[in-house]
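To start, the structure under review is shown below, and the notes come after it.
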Protein chains: 4
Amino acid sequence: MAAPMPKSVRNIIVADAAEVGLAKKKCDFVFSAFELPDKQAVKELEEKYAAAGLPVVSNASANRWGPDVPMIIPEINPEHLKIIVEQKKNHNWSNGFIVVKPNCSLQSYLTPIFALNRAGYPVKKIFITTLQAVSGAGYPGVASLDVIDNAVPFIPGEEEKTEEEPLKILGEIRGNKFVNASGLIISAHCTRVPVADGHLACVNILFKNKKPSKEEIINIWRKFKALPQELKLPSAPSQPIIYLEEENRPQPKKDRDNGKGMAITAGRLRDCQIFDYKFMALSHNTVRGAAGGGILNAELLVKQGYIK
Amino acid sequence: MAAPMPKSVRNIIVADAAEVGLAKKKCDFVFSAFELPDKQAVKELEEKYAAAGLPVVSNASANRWGPDVPMIIPEINPEHLKIIVEQKKNHNWSNGFIVVKPNCSLQSYLTPIFALNRAGYPVKKIFITTLQAVSGAGYPGVASLDVIDNAVPFIPGEEEKTEEEPLKILGEIRGNKFVNASGLIISAHCTRVPVADGHLACVNILFKNKKPSKEEIINIWRKFKALPQELKLPSAPSQPIIYLEEENRPQPKKDRDNGKGMAITAGRLRDCQIFDYKFMALSHNTVRGAAGGGILNAELLVKQGYIK
Amino acid sequence: MAAPMPKSVRNIIVADAAEVGLAKKKCDFVFSAFELPDKQAVKELEEKYAAAGLPVVSNASANRWGPDVPMIIPEINPEHLKIIVEQKKNHNWSNGFIVVKPNCSLQSYLTPIFALNRAGYPVKKIFITTLQAVSGAGYPGVASLDVIDNAVPFIPGEEEKTEEEPLKILGEIRGNKFVNASGLIISAHCTRVPVADGHLACVNILFKNKKPSKEEIINIWRKFKALPQELKLPSAPSQPIIYLEEENRPQPKKDRDNGKGMAITAGRLRDCQIFDYKFMALSHNTVRGAAGGGILNAELLVKQGYIK
Amino acid sequence: MAAPMPKSVRNIIVADAAEVGLAKKKCDFVFSAFELPDKQAVKELEEKYAAAGLPVVSNASANRWGPDVPMIIPEINPEHLKIIVEQKKNHNWSNGFIVVKPNCSLQSYLTPIFALNRAGYPVKKIFITTLQAVSGAGYPGVASLDVIDNAVPFIPGEEEKTEEEPLKILGEIRGNKFVNASGLIISAHCTRVPVADGHLACVNILFKNKKPSKEEIINIWRKFKALPQELKLPSAPSQPIIYLEEENRPQPKKDRDNGKGMAITAGRLRDCQIFDYKFMALSHNTVRGAAGGGILNAELLVKQGYIK
């Protein structure tokens with residue numbers, strides 16, 4: 001972190017994550033940001049917290065594909081929280097449960113796509129190439145020797161997450177479990193570039209039926225508001241999707257902090273030779289795409305009474 | 001240039017490009033690398049040299065779309081040089097003529113695509129996102145403030161060149177002028193990243209008819225040889241397309257100098273969710289994509305008797 | 001600028017700087033940030049504004065060595081403003097005058113040195129090596145090809161400014177003109193590194209007489225307050241010199257924004273094998289070192305009644 | 001490494017360094033590049049190899065201060081190899097021994113200083129600030145998040161090595177052990193910058209007695225040859241010190257590969273306000289400063305009969 005540690009957090013107790021009992025005594029709920037090689041261990045630890053009666057708001061990927069675990073972007077699928085009732089029932093948990101957020105690589109483009117879906121223009125095919133920042137790999141993460149004067153055309157597991165997680169997020173609950181959205185296919189290239197923060201996505205989209213005009217799309221994006229804005233969640237950006245007219249935007253350095261790092265910035269909407277349109281979109285990967293996204297999920301859970 | 005000026009070139013005369021007469025006395029042919037805002041001026045200057053009896057081997061874009069000007073990648077369309085006869089006739093030029101090379105942004109992926117076409121697997125749709133090096137913008141070119149901790153999602157004119165120039169290169173001469181390849185569509189995003197040299201392309205391809213297996217494609221690429229290799233042109237890479245198995249390659253810093261900067265390095269061939277395959281490809285933008293490409297064109301012209 | 005243009009400034013009139021008459025009608029005073037190759041032209045233009053009755057608060061270097069022009073760092077030499085009376089008299093100006101700020105490269109280390117001088121520990125010899133950010137060269141400034149994977153060991157004119165300007169700032173008014181500080185010698189290396197903002201200085205100091213202990217120095221720095229703090233000037237940092245104990249600080253990215261970019265961050269005070277001590281110091285070159293420094297000068301001039 | 005693994009080395013056996021017996025069977029001598037946190041373990045392992053009869057040519061720091069271990073820069077102190085006889089006697093080793101090279105941070109400036117000493121102009125005080133490349137920290141080494149848009153003003157242990165190791169190298173053997181050079185003091189700042197390879201040093205020097213003119217110094221440097229050049233060691237650069245007249249050189253990217261990475265490039269010799277002169281010097285930290293330096297030591301040992 002660039003800024004010094006704020007005084008308000010200097011007295012927070014740091015303890016071993018295995019001490020679930022201590023957490024139970026001291027916490028109302030927990031954030032999980034475990035990214036261990038052993039995903040099974042993470043899965044079990046999060047379940048242990050839930051079993052102890054603690055809501056788990058997770059950024060980790062271990063539980064993302066649990067059939068009764070909601071993977072939430074609050075602007076897109078807040079109604080997926082309803083599955084929590086089933087989840088508790090399935091595990092016989094009284095108060096605890098697990099809610100997760102998706103991978104950082106899809107945050108930039110999925111909300112703009114959803115906005116179009118919701119406005120009556122369902123998208124059926126998406127090509128994406130991401131230019132991802134090094135902070136996405138954590139710290140120490142990417143070696144400086146690998147990115148000075150270089151780009152890396154591969155991030156383990158990232159293309160799969162980018163292609164698959166949107167299907168669950170845009171899917172629905174049917175018979176007590178999640179069913180992926182049908183009629184949507186995504187194909188992704190994920191690359192790493194020498195940028196500290198901010199994932200940029202180059203996107204090509206094909207609509208299912210009729211296609212809106214460029215003006216309509218920009219209008220849909222600029223007017224897009226959803227539950228976090230209605231509920232005035234503290235971390236919710238007042239304008240979730242910012243569209244810039246300048247032809248050389250969005251840029252990571254200039255646009256990642258829009259909406260305090262919680263807004264998506266789009267630009268360069270133009271005709272595509274093959275699909276309907278192409279555009280660029282950017283989101284701050286460690287704010288909207290990680291910690292901030294987790295906090296927004298927690299705020300939603302509090303506001304809707306899941307966390308008391 | 002990193003290396004000091006070699007002794008062998010220290011006595012070369014530097015003169016005003018407008019002195020066509022001097023060039024006529026001293027040169028057998030000329031390289032043109034004019035990239036002026038005024039394209040018309042470049043076009044006319046190149047024509048003045050040709051009119052003076054000097055073959056012009058150009059890297060500039062001004063004459064690329066001349067209906068009788070061949071745009072050559074020697075591995076792909078050397079037979080397009082036949083149009084020179086027409087070109088001379090049209091302008092009433094005795095010895096002079098103009099041959100151009102295409103833009104640097106398409107060098108990475110077009111030879112691999114052509115290799116597939118030639119092997120009986122014509123490609124009909126291509127999505128491309130390029131991550132381009134700053135040297136592509138010349139010197140001083142991109143301001144350091146624009147690329148330190150940043151990427152720029154726009155390069156003026158670059159997407160159009162990337163989408164359109166391949167159609168001429170893969171096209172044919174019909175009735176004394178060029179006709180674009182039909183049945184091929186390309187859609188491109190072009191971005192600038194903080195890399196000094198080496199353009200990386202993320203590519204998705206759809207075949208026209210049947211699709212080869214991955215093994216077949218890799219085999220086609222690795223065995224690909226063309227006229228420059230047969231003629232043993234001095235600057236021709238012995239292996240024009242190098243395919244790397246490592247999942248994190250090609251990388252600009254590690255692969256741009258392959259084949260002395262004249263080879264294309266491909267990697268990450270994998271199934272595409274929407275099209276048939278996706279892959280990455282890289283070429284050195286100032287060697288294969290600029291000066292080296294021009295030299296290879298000149299070598300071809302000499303070998304084939306167009307330049308004496 | 002990363003952030004979009006604030007609404008409050010969108011209606012500001014942009015006019016040709018040569019229209020001194022317009023400025024006279026619309027402005028109470030002017031900021032000058034002319035950095036033209038022709039310094040004489042800048043000097044004359046600033047004088048034209050002053051002659052027109054407008055106080056000129058300048059970041060430019062053209063007038064820095066005028067014998068009756070105060071070169072101000074408000075924490076160090078606010079009393080130099082007294083020369084304004086002489087300056088007006090010399091030029092026969094009624095209300096206009098010129099006040100300048102020094103070069104950005106010395107802002108990081110000069111206030112810490114001055115704090116020691118003021119505390120009774122005059123410094124007599126200083127070695128400095130600066131690692132300067134590219135924004136110091138303006139926009140487009142340094143070409144990206146020059147700083148990707150590189151450092152440049154030369155910045156035109158910068159070492160001279162770094163060595164000489166402190167002598168005027170620490171000097172005194174004697175008989176209506178400035179006399180340089182005697183007994184202080186500075187030797188500087190100035191280099192450019194691939195950092196967007198924040199100049200870092202590596203400093204070695206030798207005291208004139210007795211030397212304070214490390215604890216004393218740190219204490220002097222941390223307690224240092226001066227006129228801008230007493231006057232509570234809006235842009236004045238509440239703590240002008242921040243000293244960090246961590247052995248790997250200050251760092252440009254982490255510390256340049258301290259005190260809203262107006263504080264100096266020092267660190268790594270340690271014994272020197274040859275002189276008394278060595279330390280590192282950092283300041284934000286476009287805030288404290290440029291625009292912010294000019295604004296602080298203007299605030300001081302307003303508060304002290306020079307600008308009405 | 002950017003280039004693919006050369007065929008010639010693909011069959012080299014990779015074994016656990018603890019298998020000293022295997023090395024004894026297969027090797028004539030060993031290179032040591034152990035840089036473990038536990039220096040004592042490295043020291044003992046190197047001694048184990050020597051005890052087994054194997055000459056150890058080490059880049060590691062563990063044995064650098066052994067009173068009978070020569071720390072060699074072949075152009076400077078090849079006569080220090082004479083201590084090997086004592087070293088063997090002290091340890092009761094028959095064929096094995098240990099020779100080390102110094103730290104990479106001093107390679108850029110020490111040979112130029114030595115050239116002046118040897119020419120009759122002993123230097124007595126040196127201020128140095130280094131701008132060091134990230135490859136000096138090994139791989140993965142420096143985290144990309146720490147150097148994108150940043151510089152780090154601290155490298156553990158580096159300033160001590162930079163200040164102390166030259167004293168041994170320039171020292172002499174007296175009574176069977178090394179005695180540091182007297183009359184020389186060095187004070188260093190060591191910083192890390194976003195450069196892949198090439199350490200740049202900003203140097204200020206004070207001569208002991210008379211000072212040569214700038215022309216003399218440049219002449220001394222350009223004409224400097226030493227034992228490696230006389231013996232025509234394969235890795236020895238024909239010109240060990242290259243002096244460039246351009247005012248913005250040496251630069252890491254442009255000059256690190258001079259002399260195949262084994263030459264030192266100096267520049268910007270100019271008067272110093274406090275000492276006699278200041279200059280810049282650069283060397284390739286992973287070639288001359290690490291592997292290449294070790295190889296040159298081995299070549300010297302072979303040529304002089306220490307390794308058979």
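Chains: A, B, ... in order of the structure tokens. Residues: from 1 per chain. Ligands: from 1, in order shown.
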6 Å contacts from chain A to chain B using only C-alpha atoms, as a list in words: Asp149, Asn150, Val152, Pro153, Phe154, Ser187, Val195, Ala196, Asn248, Gln251, Pro252, Lys253 and Gln273 of chain A
Residues flagged strand (DSSP E) by DSSP in segment 104-282 of chain D, as number ranges by chain: D: 123-132, 172-174, 177-179, 185-192, 199-207, 241-244, 264-271, 277-282
Of the listed residues A:Ser135, A:Asn103, A:Ser213, A:Asn219, that which approaches Glu165 of chain A most closely, counting only C-alpha atoms: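 Using only C-alpha atoms, the shortest distance to Glu165 of chain A belongs to A:Asn103.
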Atomic distance atom CA of Glu164 of chain A - atom CA of Asn180 of chain A, expressed in Å with one decimal: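 Value for the atom CA of Glu164 of chain A-atom CA of Asn180 of chain A distance: 9.0 Å.
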Spatial neighbours of Leu110 of chain C, 10 Å, only C-alpha atoms, chain gap at least 2 places, as a PyMOL selection string: chain C and resi 73+76+105-108+112-116+162+166+169-170+264+281
Interatomic distance, atom CA of Tyr306 of chain A to atom CA of Pro55 of chain A (Å, one decimal): 8.3 Å
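Here atom CA of Asn90 of chain C stands at a distance of 15.1 Å from atom CA of Ile173 of chain C.
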Option closest in space to Ile295 of chain A, from A:Met5, A:Ala17, A:Ile242, A:Val56 [counting only C-alpha atoms]: A:Val56
Test item, helix (DSSP H, G or I) assignment across segment 91-160 of chain D, answer as number ranges by chain: D: 91, 104-118, 134-137, 144-147, 158-160
